[in-house]
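Colleague: There's a structure below that I have some questions on.
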Amino acid sequence: MEDNILDKSFNNLKDFCEKESFKGWDPYDGLNSWVIQKTPLGKSRFLRLAWIQLFKRNPINLRTVFGIKKDYNPKGLGLFLIGYCNLYKVEPKIEYLEKINHLAFTIINLKTEGYSGACWGYNFDWQARAFFQPKYTPTVVATSFIAEALLDAYEITNTRLFLDTAISTKDFVLKDLNKTFDNDGDYTLSYSPLDSTQVFNAGLLGAKLLSLIYTQTNDELLIQEAKKIVAYVCKKQADDGSWAYGTLPFHQWIDNFHTGYNLECIYEYQKSSNDRRFEGNIEKGLNFYLKTFFTGEGISKYYNDSVFPIDIHAPAQLVVTLSKLSVFEENKELIDKVLLWTAKNMQSSEGYFYYQKKKYSTSKIPYIRWAQSWMFYAYSYYFLEKE
């Protein structure tokens, strides 16, 4: 019965995403509005930040009123691409192969030019508290997921362009991103070429990218640089196994899905390099992750000390983290409980998943990157593990 519920949930999601042609809105796309683009309001950092939060936090979707259109998000496309690659590995259908090629070529056409290697950003201007990024400014986060997706697509299609594009992303990571070093010569990466923040999951996603490309090229420089990043971030791990989001005073929260990212990335480095020196960090972090962020009824908590908001990223990343760390089977009861709760409480009758449930309200806007691509990606790992 559980399998039937999850199969139906995924098929409804898949139908919705294909009907939308993988285009949609994003929690952070408020600056695509004509109000910001074509009036003096867009010149104010404070108003840009406030405008994004207005759209992000509002459970009522104001985007059509303010001229914000559905669009491709490159990272979202990367997650869909990994998802279809996983589905193809489970059952090699022609329709999946067609989607793999369509998504991969679309992603390549969306890459940002002018950097040392292939790279991607988001389809909207973005004002964070720490920095501002114009539309399509490349980030290590978007680029790492897309590089992984292209490597998966190459494995299935043998299309050399996919491999070459993925390999070239190493130059963006090593040459264009800013580095922050510690006293041992280890370092972490900036989020984009335009900032110098130390966000731990961003650095680790860069290390994961270098590790994955190392498995294709055997370039020792890549795995050596990945080790420095992993070492830097592991030194920042607390005694209980947790990590803060970053080093800035307003980055001191501990949350669910970024913890999952960190674990996945460190494990990928270990798997690619056969270097087990960080195994204790993985074990300690995984123990904290599993004991802290999931309730007995299957709710995925956002923070270590708070359930709300219940964010769709969290249950999705659970499936991926446990699959990537090869501990899926021993935690399948938890995974099933979390996915069933999520499907019953955070999926629309139209097939799409909600963004967040707060204590007294729910944002039911069908965000394509943040919600749909992540749940599609997560379900694909679930089905891959069942085989």
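Identifiers in the structure tokens: chain A, B, ... in order shown; residue index from 1 per chain; ligand index from 1 in order shown.
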Applying 12 Å and only C-alpha atoms, which residues near A:Glu264 remain after dropping the ones on its own chain fewer than 6 positions away? List them as a PyMOL selection string.
Modeller: chain A and resi 201+204-205+207-209+211+230+257-258+270-271+279+281-283+285-286+289+317-327
Colleague: Take the residues that were just selected and, keeping N, CA and C atoms, output them as a compact mmCIF listing (two decimals), in the first residue's frame.
Modeller:
# COMPACT_ATOMS: atom_id res chain seq x y z
N ASN A 201 28.30 24.60 2.96
CA ASN A 201 27.81 23.66 1.94
C ASN A 201 28.24 24.07 0.54
N LEU A 204 31.75 22.76 0.06
CA LEU A 204 31.72 21.31 -0.08
C LEU A 204 31.13 20.87 -1.42
N LEU A 205 30.16 21.60 -1.93
CA LEU A 205 29.63 21.25 -3.26
C LEU A 205 30.71 21.42 -4.32
N ALA A 207 33.91 20.91 -3.69
CA ALA A 207 34.76 19.73 -3.48
C ALA A 207 34.14 18.49 -4.10
N LYS A 208 32.84 18.37 -3.98
CA LYS A 208 32.15 17.24 -4.59
C LYS A 208 32.31 17.27 -6.11
N LEU A 209 32.14 18.44 -6.70
CA LEU A 209 32.31 18.58 -8.15
C LEU A 209 33.71 18.15 -8.58
N SER A 211 35.74 16.18 -7.04
CA SER A 211 35.88 14.74 -6.82
C SER A 211 35.25 13.94 -7.94
N VAL A 230 37.41 19.97 2.00
CA VAL A 230 36.78 19.09 2.98
C VAL A 230 37.42 19.25 4.35
N PHE A 257 18.52 20.43 5.59
CA PHE A 257 18.99 19.99 4.28
C PHE A 257 20.43 20.41 3.98
N HIS A 258 20.90 21.52 4.56
CA HIS A 258 22.31 21.87 4.35
C HIS A 258 23.23 20.89 5.08
N GLN A 270 35.30 11.08 -0.13
CA GLN A 270 35.86 9.83 0.40
C GLN A 270 35.75 8.71 -0.62
N LYS A 271 34.61 8.59 -1.26
CA LYS A 271 34.37 7.53 -2.25
C LYS A 271 35.28 7.69 -3.46
N GLU A 279 36.13 9.98 7.84
CA GLU A 279 35.04 9.04 8.12
C GLU A 279 34.36 9.34 9.45
N ASN A 281 34.04 12.25 10.84
CA ASN A 281 33.17 13.42 10.65
C ASN A 281 31.84 13.02 10.03
N ILE A 282 31.90 12.09 9.08
CA ILE A 282 30.67 11.62 8.44
C ILE A 282 29.80 10.89 9.45
N GLU A 283 30.38 9.99 10.21
CA GLU A 283 29.60 9.21 11.18
C GLU A 283 28.97 10.11 12.24
N GLY A 285 28.36 13.35 11.97
CA GLY A 285 27.37 14.21 11.33
C GLY A 285 26.09 13.47 10.99
N LEU A 286 26.21 12.23 10.51
CA LEU A 286 25.03 11.45 10.16
C LEU A 286 24.21 11.12 11.40
N TYR A 289 22.35 14.23 12.30
CA TYR A 289 21.32 14.48 11.28
C TYR A 289 20.08 13.61 11.52
N GLN A 317 16.01 15.95 0.51
CA GLN A 317 17.44 15.73 0.74
C GLN A 317 17.69 14.49 1.60
N LEU A 318 16.76 14.14 2.48
CA LEU A 318 16.92 12.92 3.28
C LEU A 318 17.12 11.70 2.38
N VAL A 319 16.26 11.56 1.39
CA VAL A 319 16.35 10.39 0.49
C VAL A 319 17.70 10.39 -0.22
N VAL A 320 18.11 11.54 -0.72
CA VAL A 320 19.36 11.63 -1.48
C VAL A 320 20.56 11.36 -0.57
N THR A 321 20.57 11.98 0.60
CA THR A 321 21.69 11.81 1.52
C THR A 321 21.88 10.34 1.88
N LEU A 322 20.81 9.68 2.26
CA LEU A 322 20.93 8.29 2.71
C LEU A 322 21.25 7.35 1.55
N SER A 323 20.78 7.68 0.36
CA SER A 323 21.15 6.88 -0.81
C SER A 323 22.63 7.08 -1.14
N LYS A 324 23.07 8.34 -1.17
CA LYS A 324 24.46 8.62 -1.51
C LYS A 324 25.44 8.04 -0.48
N LEU A 325 25.04 8.01 0.80
CA LEU A 325 25.91 7.49 1.84
C LEU A 325 25.83 5.98 2.00
N SER A 326 25.04 5.34 1.13
CA SER A 326 24.88 3.87 1.14
C SER A 326 24.31 3.37 2.46
N VAL A 327 23.40 4.13 3.05
CA VAL A 327 22.74 3.70 4.28
C VAL A 327 21.22 3.77 4.10
Colleague: Taking only residues of stretch 117-164 of chain A that have an atom at most 12 Å from an atom of stretch 81-99 of chain A, what is each one's shortest atom pair and its distance in Å to one decimal, using only C-alpha atoms, in chain and number order, as a tab-separated table?
Modeller:
residue	atom	partner	partner_atom	distance
A:Phe145	CA	A:Ile82	CA	8.7
A:Ile146	CA	A:Leu81	CA	8.4
A:Ala147	CA	A:Ile82	CA	10.1
A:Glu148	CA	A:Ile82	CA	7.7
A:Ala149	CA	A:Ile82	CA	4.9
A:Leu150	CA	A:Leu81	CA	7.9
A:Leu151	CA	A:Ile82	CA	9.2
A:Asp152	CA	A:Cys85	CA	6.4
A:Ala153	CA	A:Cys85	CA	6.4
A:Tyr154	CA	A:Cys85	CA	9.7
A:Glu155	CA	A:Cys85	CA	9.0
A:Ile156	CA	A:Cys85	CA	7.4
A:Thr157	CA	A:Leu97	CA	8.0
A:Asn158	CA	A:Leu97	CA	11.8
A:Phe162	CA	A:Leu81	CA	11.9
Colleague: Which residues are close to A:Ile108, i.e. within 10 Å by only C-alpha atoms, leaving aside same-chain residues fewer than 6 positions away? Reply as a ChimeraX atom specification.
Modeller: /A:74,118-120,146,150,161-162,165-166
Colleague: Could you please determine the separation between atom CA of A:Asp186 and atom CA of A:Lys228 in Å, to one decimal place?
Modeller: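 Distance between the two atoms: 4.5 Å.
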Colleague: DSSP on the backbone: which residues in stretch 178-303 of chain A end up as strand (DSSP E)? Give the answer as a compact mmCIF listing (two decimals) with N, CA, C and O atoms, in the first residue's frame.
Modeller:
# COMPACT_ATOMS: atom_id res chain seq x y z
N LYS A 179 38.65 32.24 -2.62
CA LYS A 179 39.04 31.27 -1.60
C LYS A 179 39.35 31.97 -0.28
O LYS A 179 39.96 33.04 -0.26
N THR A 180 38.95 31.34 0.81
CA THR A 180 39.30 31.80 2.16
C THR A 180 40.12 30.70 2.82
O THR A 180 39.63 29.58 2.99
N PHE A 181 41.35 31.02 3.20
CA PHE A 181 42.28 30.02 3.73
C PHE A 181 42.34 30.06 5.25
O PHE A 181 42.12 31.10 5.87
N TYR A 187 41.15 25.54 2.66
CA TYR A 187 40.32 26.70 2.29
C TYR A 187 38.90 26.28 1.96
O TYR A 187 38.60 25.10 1.79
N THR A 188 38.04 27.27 1.88
CA THR A 188 36.69 27.06 1.35
C THR A 188 36.46 28.04 0.21
O THR A 188 37.25 28.97 0.00
N LEU A 189 35.39 27.81 -0.52
CA LEU A 189 35.08 28.57 -1.73
C LEU A 189 33.95 29.57 -1.48
O LEU A 189 33.07 29.32 -0.65
Colleague: With distances taken over only C-alpha atoms, which residue among A:Gly260, A:Leu248, A:Lys170, A:Ser192 lies nearest A:Thr217?
Modeller: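 The shortest atom-to-atom distance to A:Thr217 comes from A:Lys170.
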Colleague: Which distance in Å separates atom CA of A:Gly24 and atom CA of A:Ile368, to one decimal?
Modeller: 4.9 Å
Colleague: In Å, how far is it from atom CA of A:Ile229 to atom CA of A:Phe172?
Modeller: 15.4 Å
